[in-house]
$ cat protein_13.cif   # mmCIF, C-alpha atoms
data_target
loop_
_atom_site.label_atom_id
_atom_site.label_comp_id
_atom_site.auth_asym_id
_atom_site.auth_seq_id
_atom_site.Cartn_x
_atom_site.Cartn_y
_atom_site.Cartn_z
CA ASP A 1 0.00 0.00 0.00
CA LEU A 2 2.83 2.41 0.83
CA VAL A 3 4.37 1.79 -2.59
CA ILE A 4 1.02 2.45 -4.28
CA TYR A 5 0.54 5.73 -2.45
CA ARG A 6 4.13 6.76 -3.14
CA VAL A 7 3.54 6.21 -6.85
CA PHE A 8 0.27 8.13 -6.56
CA PHE A 9 1.80 11.19 -4.92
CA THR A 10 4.80 11.13 -7.26
CA HIS A 11 2.47 11.03 -10.25
CA SER A 12 0.13 13.77 -9.00
CA PHE A 13 2.66 16.18 -7.53
CA LYS A 14 5.86 15.56 -9.51
CA ASP A 15 5.38 13.81 -12.86
CA LYS A 16 2.17 15.74 -13.48
CA LYS A 17 2.58 18.41 -10.86
CA TYR A 18 -0.08 20.62 -12.42
CA ILE A 19 -2.66 18.19 -11.02
CA GLY A 20 -1.33 18.89 -7.54
CA GLU A 21 -1.04 22.59 -8.36
CA THR A 22 -4.69 22.62 -9.43
CA MET A 23 -5.66 21.10 -6.09
CA VAL A 24 -3.58 23.69 -4.20
CA LEU A 25 -5.14 26.53 -6.19
CA ASN A 26 -8.60 25.12 -5.55
CA GLY A 27 -7.86 24.87 -1.84
CA SER A 28 -6.67 28.48 -1.78
CA LEU A 29 -9.82 29.66 -3.52
CA MET A 30 -11.99 27.62 -1.17
CA PHE A 31 -10.27 29.24 1.81
CA LEU A 32 -10.79 32.72 0.38
CA VAL A 33 -14.29 32.44 -1.06
CA THR A 34 -16.39 29.57 0.30
CA PRO A 35 -16.46 30.73 3.96
CA TYR A 36 -17.99 34.01 2.80
CA LEU A 37 -20.79 32.08 1.14
CA SER A 38 -21.25 29.99 4.29
CA ILE A 39 -21.29 32.73 6.95
CA GLY A 40 -20.19 36.05 5.44
CA MET A 41 -23.38 36.96 3.64
CA THR A 42 -25.48 36.07 6.69
CA TYR A 43 -23.17 38.12 8.92
CA LEU A 44 -23.45 41.19 6.70
CA ILE A 45 -27.24 41.04 6.44
CA SER A 46 -28.07 40.05 10.03
CA VAL A 47 -25.30 41.82 11.99
CA LYS A 48 -24.04 44.72 9.89
CA LEU A 49 -27.38 45.73 8.32
CA GLN A 50 -29.43 44.41 11.26
CA LEU A 51 -32.22 43.27 8.96
CA PRO A 52 -34.85 40.70 10.06
CA ALA A 53 -34.26 37.01 9.40
CA VAL A 54 -36.65 37.03 6.44
CA TRP A 55 -34.18 39.18 4.52
CA ASN A 56 -31.43 36.67 5.11
CA GLY A 57 -33.78 33.95 3.90
CA THR A 58 -34.51 35.99 0.78
CA ALA A 59 -30.79 36.32 0.10
CA GLN A 60 -30.39 32.57 0.47
CA VAL A 61 -33.14 32.05 -2.12
CA ILE A 62 -31.43 34.47 -4.53
CA THR A 63 -28.06 32.74 -4.19
CA GLY A 64 -29.74 29.33 -4.44
CA ILE A 65 -31.25 30.33 -7.78
CA ALA A 66 -27.79 31.51 -8.88
CA ALA A 67 -26.34 28.10 -7.98
CA ILE A 68 -28.98 26.36 -10.08
CA LEU A 69 -28.33 28.71 -13.00
CA GLY A 70 -24.61 28.03 -12.67
CA GLY A 71 -25.21 24.31 -12.97
CA ILE A 72 -27.44 24.77 -16.01
CA ALA A 73 -24.93 27.10 -17.68
CA SER A 74 -22.12 24.62 -17.02
CA ALA A 75 -24.10 21.87 -18.74
CA ILE A 76 -24.96 24.07 -21.73
CA ILE A 77 -21.41 25.21 -22.47
CA SER A 78 -19.60 22.04 -21.34
CA GLU A 79 -18.72 20.87 -24.86
CA LYS A 80 -17.42 24.25 -25.97
CA PHE A 81 -15.74 25.38 -22.75
CA GLN A 82 -11.95 25.20 -22.55
CA THR A 83 -10.38 24.43 -19.19
CA GLU A 84 -7.65 26.96 -19.89
CA ASN A 85 -10.28 29.71 -19.62
CA LEU A 86 -11.11 28.81 -16.01
CA TYR A 87 -9.01 31.68 -14.72
CA GLN A 88 -11.39 34.16 -16.35
CA PHE A 89 -14.30 32.83 -14.28
CA LEU A 90 -12.15 33.11 -11.17
CA ILE A 91 -11.05 36.67 -11.94
CA ALA A 92 -14.71 37.65 -12.36
CA MET A 93 -15.48 35.91 -9.07
CA GLY A 94 -12.78 37.89 -7.29
CA ALA A 95 -13.97 41.13 -8.85
CA SER A 96 -17.50 40.44 -7.56
CA PHE A 97 -16.25 41.01 -4.01
CA ILE A 98 -15.60 44.64 -4.90
CA ILE A 99 -19.38 45.16 -5.17
CA LEU A 100 -19.56 44.54 -1.41
CA ILE A 101 -17.48 47.64 -0.68
CA PRO A 102 -20.17 50.27 -1.53
CA ALA A 103 -22.70 48.11 0.33
CA LEU A 104 -20.64 48.60 3.50
CA SER A 105 -19.87 52.29 2.99
CA GLY A 106 -22.85 53.44 5.07
CA THR A 107 -24.01 55.82 2.35
CA HIS A 108 -26.82 53.58 1.11
CA SER A 109 -30.09 52.53 2.68
CA PRO A 110 -30.21 49.05 4.25
CA ILE A 111 -32.39 47.82 1.37
CA THR A 112 -29.95 49.07 -1.27
CA SER A 113 -27.05 47.53 0.65
CA PHE A 114 -29.03 44.29 0.91
CA LEU A 115 -29.51 44.20 -2.86
CA LEU A 116 -25.82 44.84 -3.48
CA ILE A 117 -24.82 42.09 -1.05
CA SER A 118 -27.36 39.60 -2.42
CA LEU A 119 -26.51 40.19 -6.08
CA SER A 120 -22.75 40.11 -5.52
CA SER A 121 -23.11 36.92 -3.46
CA ALA A 122 -25.23 35.39 -6.22
CA ALA A 123 -22.56 36.26 -8.79
CA ILE A 124 -19.82 34.80 -6.59
CA LEU A 125 -21.74 31.55 -6.04
CA LEU A 126 -22.68 31.20 -9.71
CA LEU A 127 -19.07 31.63 -10.84
CA ALA A 128 -17.71 29.44 -8.03
CA ASN A 129 -20.09 26.60 -8.96
CA MET A 130 -19.21 26.80 -12.63
CA ALA A 131 -15.48 26.89 -11.91
CA GLY A 132 -15.78 23.96 -9.50
CA VAL A 133 -17.47 21.80 -12.13
CA TYR A 134 -14.68 22.35 -14.65
CA ILE A 135 -11.87 22.01 -12.12
CA ILE A 136 -13.10 18.58 -11.03
CA ALA A 137 -13.79 17.51 -14.61
CA GLY A 138 -10.30 18.62 -15.73
CA ILE A 139 -8.61 16.72 -12.90
CA GLN A 140 -10.62 13.59 -13.62
CA LYS A 141 -9.75 13.66 -17.32
CA ALA A 142 -6.03 14.21 -16.67
CA CYS A 143 -5.72 11.52 -13.99
CA PRO A 144 -5.25 7.84 -14.97
CA GLN A 145 -8.29 5.74 -14.12
CA SER A 146 -6.22 3.54 -11.80
CA MET A 147 -5.51 6.55 -9.57
CA LEU A 148 -8.75 8.47 -9.95
CA GLY A 149 -10.41 7.10 -6.81
CA ARG A 150 -7.44 7.99 -4.60
CA LEU A 151 -7.12 11.42 -6.17
CA MET A 152 -10.77 12.34 -5.66
CA ALA A 153 -10.63 10.99 -2.10
CA LEU A 154 -7.66 13.29 -1.42
CA PHE A 155 -9.45 16.17 -3.15
CA ASN A 156 -12.54 15.72 -0.97
CA ALA A 157 -10.47 15.26 2.19
CA CYS A 158 -8.64 18.54 1.55
CA SER A 159 -11.94 20.32 0.85
CA ASN A 160 -13.48 18.97 4.06
CA LEU A 161 -10.47 20.20 6.03
CA ILE A 162 -10.13 23.61 4.43
CA LEU A 163 -13.77 24.67 4.67
CA PRO A 164 -14.21 24.56 8.49
CA VAL A 165 -10.78 26.13 9.02
CA GLY A 166 -11.70 28.87 6.55
CA ILE A 167 -15.05 29.47 8.26
CA TRP A 168 -13.29 29.72 11.63
CA VAL A 169 -10.71 32.22 10.32
CA HIS A 170 -13.32 34.28 8.48
CA GLY A 171 -15.48 34.40 11.59
CA ILE A 172 -12.58 35.78 13.63
CA ILE A 173 -11.78 38.34 10.91
CA TYR A 174 -15.40 39.52 10.63
CA GLU A 175 -15.63 40.06 14.38
CA LYS A 176 -12.20 41.64 14.84
CA TYR A 177 -12.39 43.92 11.82
CA SER A 178 -16.13 44.55 11.83
CA SER A 179 -15.66 48.27 11.17
CA GLN A 180 -13.14 47.67 8.38
CA LEU A 181 -14.84 44.95 6.35
CA HIS A 182 -14.53 46.97 3.14
CA PHE A 183 -10.75 46.52 3.42
CA VAL A 184 -11.22 42.83 4.24
CA PHE A 185 -13.27 42.19 1.10
CA LEU A 186 -10.93 44.29 -1.03
CA THR A 187 -8.08 42.08 0.20
CA ILE A 188 -10.07 38.92 -0.56
CA SER A 189 -10.84 40.28 -4.03
CA ILE A 190 -7.18 41.02 -4.79
CA LEU A 191 -5.95 37.66 -3.46
CA THR A 192 -8.61 35.78 -5.44
CA ILE A 193 -7.71 37.59 -8.65
CA LEU A 194 -3.99 36.97 -8.12
CA THR A 195 -4.66 33.28 -7.44
CA ALA A 196 -6.72 33.09 -10.64
CA ILE A 197 -3.94 34.70 -12.68
CA LYS A 198 -1.45 32.28 -11.12
CA GLY A 199 -3.65 29.41 -12.26
CA LYS A 200 -3.71 30.44 -15.93
CA ASN A 201 -0.73 28.29 -16.97
CA VAL A 202 -1.77 25.46 -14.65
CA TYR A 203 -5.22 25.20 -16.21
CA PHE A 204 -3.67 25.36 -19.68
CA LYS A 205 -1.47 22.35 -18.86
CA LEU A 206 -4.42 20.55 -17.31
CA GLN A 207 -6.44 21.04 -20.48
CA ASN A 208 -3.65 19.77 -22.73
CA ASP A 209 -3.24 16.64 -20.63
CA SER A 210 -7.00 16.10 -20.61
CA ILE A 211 -7.00 16.25 -24.43
CA ASN A 212 -4.10 13.79 -24.64
CA HIS A 213 -5.93 11.34 -22.38
CA THR A 214 -9.14 11.48 -24.37
CA SER A 215 -7.53 11.36 -27.82
#

$ encode --input "protein_13.cif" --output "structure tokens"
Amino acid sequence: DLVIYRVFFTHSFKDKKYIGETMVLNGSLMFLVTPYLSIGMTYLISVKLQLPAVWNGTAQVITGIAAILGGIASAIISEKFQTENLYQFLIAMGASFIILIPALSGTHSPITSFLLISLSSAAILLLANMAGVYIIAGIQKACPQSMLGRLMALFNACSNLILPVGIWVHGIIYEKYSSQLHFVFLTISILTILTAIKGKNVYFKLQNDSINHTS
């Protein structure tokens, strides 16, 4: 078993290191973005705007619709979409955080701020869902079938570890920097965009290997 796992890690992180790099990039994006979708939007609406729970429920419905639309869009463009273009989705996702800044400026009414938060969160979730579909599909195509089960198990294990840690860190940041959240989200936006740009070459290599495996 040790030999098998040694071969697996050598293959995924050395011989085809872009598979490992894709997983690292995905983990970084999960740490930056997913905790906001889990607790950040609720925190902004319930704590910062102090709106009733029904408004938070409305925002959850809006983002839920966005998630469904993201899945439908992914299915529609799946045959034409190129994995190398993933970074564009991720740049747009990072830029969507900037919309939160005017919502937290205090110059808008709570309802206007609610709309800005809900729509930006919907855009973030839509783009995150679409990117996630193509990241997983690209990894699966590039990985040999004999190693696919182990790779996806590792992928899921990393995701299950990163998400609660990210939620914990984001929760601390929201509480500690409650009056400076516009700077927090600007930082998240910049880091997400830089991570996406870093992934441009990685996704290009992942696409080429996927094509070689299917041809």

$ residues_near_point --input "protein_13.cif" --point "(-12.2, 20.1, -17.7)" --cutoff "8 Å" --atoms "only C-alpha atoms" --output "MDAnalysis selection string"
chainID A and resid 82:83 133:141 206:207 210

$ atom_distance --input "protein_13.cif" --atom1 "atom CA of Met130 of chain A" --atom2 "atom CA of Gly70 of chain A"
5.5 Å

$ resolve_selection --input "protein_13.cif" --expression "the PyMOL selection byres ((chain A and resi 120) around 9)" --output "CSV table (one decimal) with C-alpha atoms, keeping the file's coordinate frame"
chain,number,residue,atom,x,y,z
A,96,SER,CA,-17.5,40.4,-7.6
A,97,PHE,CA,-16.2,41.0,-4.0
A,98,ILE,CA,-15.6,44.6,-4.9
A,99,ILE,CA,-19.4,45.2,-5.2
A,100,LEU,CA,-19.6,44.5,-1.4
A,115,LEU,CA,-29.5,44.2,-2.9
A,116,LEU,CA,-25.8,44.8,-3.5
A,117,ILE,CA,-24.8,42.1,-1.0
A,118,SER,CA,-27.4,39.6,-2.4
A,119,LEU,CA,-26.5,40.2,-6.1
A,121,SER,CA,-23.1,36.9,-3.5
A,122,ALA,CA,-25.2,35.4,-6.2
A,123,ALA,CA,-22.6,36.3,-8.8
A,124,ILE,CA,-19.8,34.8,-6.6
A,125,LEU,CA,-21.7,31.6,-6.0

$ closest_residue --input "protein_13.cif" --among "A:His170, A:Lys17, A:His182, A:Lys176" --to "Leu32 of chain A" --atoms "all atoms listed in the file"
A:His170

$ atom_distance --input "protein_13.cif" --atom1 "atom CA of Gln180 of chain A" --atom2 "atom CA of Val47 of chain A"
14.0 Å

$ residues_around --input "protein_13.cif" --residues "Ser179 of chain A" --least-positions-apart "4" --cutoff "10 Å" --atoms "all atoms listed in the file" --output "compact mmCIF listing (two decimals) with C-alpha atoms, in the frame of the given file"
# COMPACT_ATOMS: atom_id res chain seq x y z
CA LYS A 48 -24.04 44.72 9.89
CA LEU A 104 -20.64 48.60 3.50
CA TYR A 174 -15.40 39.52 10.63
CA GLU A 175 -15.63 40.06 14.38
CA PHE A 183 -10.75 46.52 3.42
CA VAL A 184 -11.22 42.83 4.24

$ closest_residue --input "protein_13.cif" --among "A:Val24, A:Tyr18, A:Ala59, A:Ser38" --to "Leu163 of chain A" --atoms "only C-alpha atoms"
A:Ser38

$ closest_residue --input "protein_13.cif" --among "A:Ile162, A:Gly171, A:Ile77, A:Ile197" --to "Ile39 of chain A" --atoms "all atoms listed in the file"
A:Gly171

$ build_atoms --input "protein_13.cif" --residues "segment 129-152 of chain A" --atoms "N, CA and C atoms" --output "mmCIF file, in the coordinates of the input"
data_model
loop_
_atom_site.group_PDB
_atom_site.id
_atom_site.type_symbol
_atom_site.label_atom_id
_atom_site.label_comp_id
_atom_site.auth_asym_id
_atom_site.auth_seq_id
_atom_site.Cartn_x
_atom_site.Cartn_y
_atom_site.Cartn_z
ATOM 1 N N ASN A 129 -19.529 27.894 -8.571
ATOM 2 C CA ASN A 129 -20.090 26.600 -8.960
ATOM 3 C C ASN A 129 -19.621 26.181 -10.347
ATOM 4 N N MET A 130 -19.639 27.118 -11.278
ATOM 5 C CA MET A 130 -19.210 26.800 -12.630
ATOM 6 C C MET A 130 -17.733 26.422 -12.655
ATOM 7 N N ALA A 131 -16.911 27.195 -11.949
ATOM 8 C CA ALA A 131 -15.480 26.890 -11.910
ATOM 9 C C ALA A 131 -15.238 25.534 -11.262
ATOM 10 N N GLY A 132 -15.966 25.231 -10.182
ATOM 11 C CA GLY A 132 -15.780 23.960 -9.500
ATOM 12 C C GLY A 132 -16.083 22.770 -10.381
ATOM 13 N N VAL A 133 -17.114 22.886 -11.211
ATOM 14 C CA VAL A 133 -17.470 21.800 -12.130
ATOM 15 C C VAL A 133 -16.316 21.506 -13.073
ATOM 16 N N TYR A 134 -15.729 22.549 -13.649
ATOM 17 C CA TYR A 134 -14.680 22.350 -14.650
ATOM 18 C C TYR A 134 -13.345 21.971 -14.037
ATOM 19 N N ILE A 135 -13.092 22.421 -12.809
ATOM 20 C CA ILE A 135 -11.870 22.010 -12.120
ATOM 21 C C ILE A 135 -11.888 20.508 -11.870
ATOM 22 N N ILE A 136 -12.991 20.016 -11.317
ATOM 23 C CA ILE A 136 -13.100 18.580 -11.030
ATOM 24 C C ILE A 136 -13.056 17.771 -12.314
ATOM 25 N N ALA A 137 -13.782 18.235 -13.344
ATOM 26 C CA ALA A 137 -13.790 17.510 -14.610
ATOM 27 C C ALA A 137 -12.397 17.466 -15.232
ATOM 28 N N GLY A 138 -11.663 18.580 -15.170
ATOM 29 C CA GLY A 138 -10.300 18.620 -15.730
ATOM 30 C C GLY A 138 -9.364 17.673 -15.009
ATOM 31 N N ILE A 139 -9.449 17.628 -13.680
ATOM 32 C CA ILE A 139 -8.610 16.720 -12.900
ATOM 33 C C ILE A 139 -8.934 15.267 -13.240
ATOM 34 N N GLN A 140 -10.211 14.958 -13.331
ATOM 35 C CA GLN A 140 -10.620 13.590 -13.620
ATOM 36 C C GLN A 140 -10.150 13.129 -14.992
ATOM 37 N N LYS A 141 -10.193 14.016 -15.974
ATOM 38 C CA LYS A 141 -9.750 13.660 -17.320
ATOM 39 C C LYS A 141 -8.242 13.472 -17.390
ATOM 40 N N ALA A 142 -7.494 14.272 -16.614
ATOM 41 C CA ALA A 142 -6.030 14.210 -16.670
ATOM 42 C C ALA A 142 -5.457 13.076 -15.844
ATOM 43 N N CYS A 143 -6.227 12.562 -14.890
ATOM 44 C CA CYS A 143 -5.720 11.520 -13.990
ATOM 45 C C CYS A 143 -5.987 10.134 -14.571
ATOM 46 N N PRO A 144 -5.003 9.229 -14.529
ATOM 47 C CA PRO A 144 -5.250 7.840 -14.970
ATOM 48 C C PRO A 144 -6.362 7.197 -14.154
ATOM 49 N N GLN A 145 -7.158 6.359 -14.787
ATOM 50 C CA GLN A 145 -8.290 5.740 -14.120
ATOM 51 C C GLN A 145 -7.878 4.943 -12.886
ATOM 52 N N SER A 146 -6.680 4.359 -12.925
ATOM 53 C CA SER A 146 -6.220 3.540 -11.800
ATOM 54 C C SER A 146 -5.969 4.368 -10.539
ATOM 55 N N MET A 147 -5.797 5.690 -10.713
ATOM 56 C CA MET A 147 -5.510 6.550 -9.570
ATOM 57 C C MET A 147 -6.646 7.521 -9.267
ATOM 58 N N LEU A 148 -7.697 7.477 -10.070
ATOM 59 C CA LEU A 148 -8.750 8.470 -9.950
ATOM 60 C C LEU A 148 -9.448 8.431 -8.598
ATOM 61 N N GLY A 149 -9.738 7.216 -8.100
ATOM 62 C CA GLY A 149 -10.410 7.100 -6.810
ATOM 63 C C GLY A 149 -9.605 7.712 -5.685
ATOM 64 N N ARG A 150 -8.301 7.431 -5.653
ATOM 65 C CA ARG A 150 -7.440 7.990 -4.600
ATOM 66 C C ARG A 150 -7.357 9.509 -4.721
ATOM 67 N N LEU A 151 -7.255 9.982 -5.964
ATOM 68 C CA LEU A 151 -7.120 11.420 -6.170
ATOM 69 C C LEU A 151 -8.370 12.167 -5.709
ATOM 70 N N MET A 152 -9.534 11.671 -6.063
ATOM 71 C CA MET A 152 -10.770 12.340 -5.660
ATOM 72 C C MET A 152 -10.995 12.232 -4.158
#
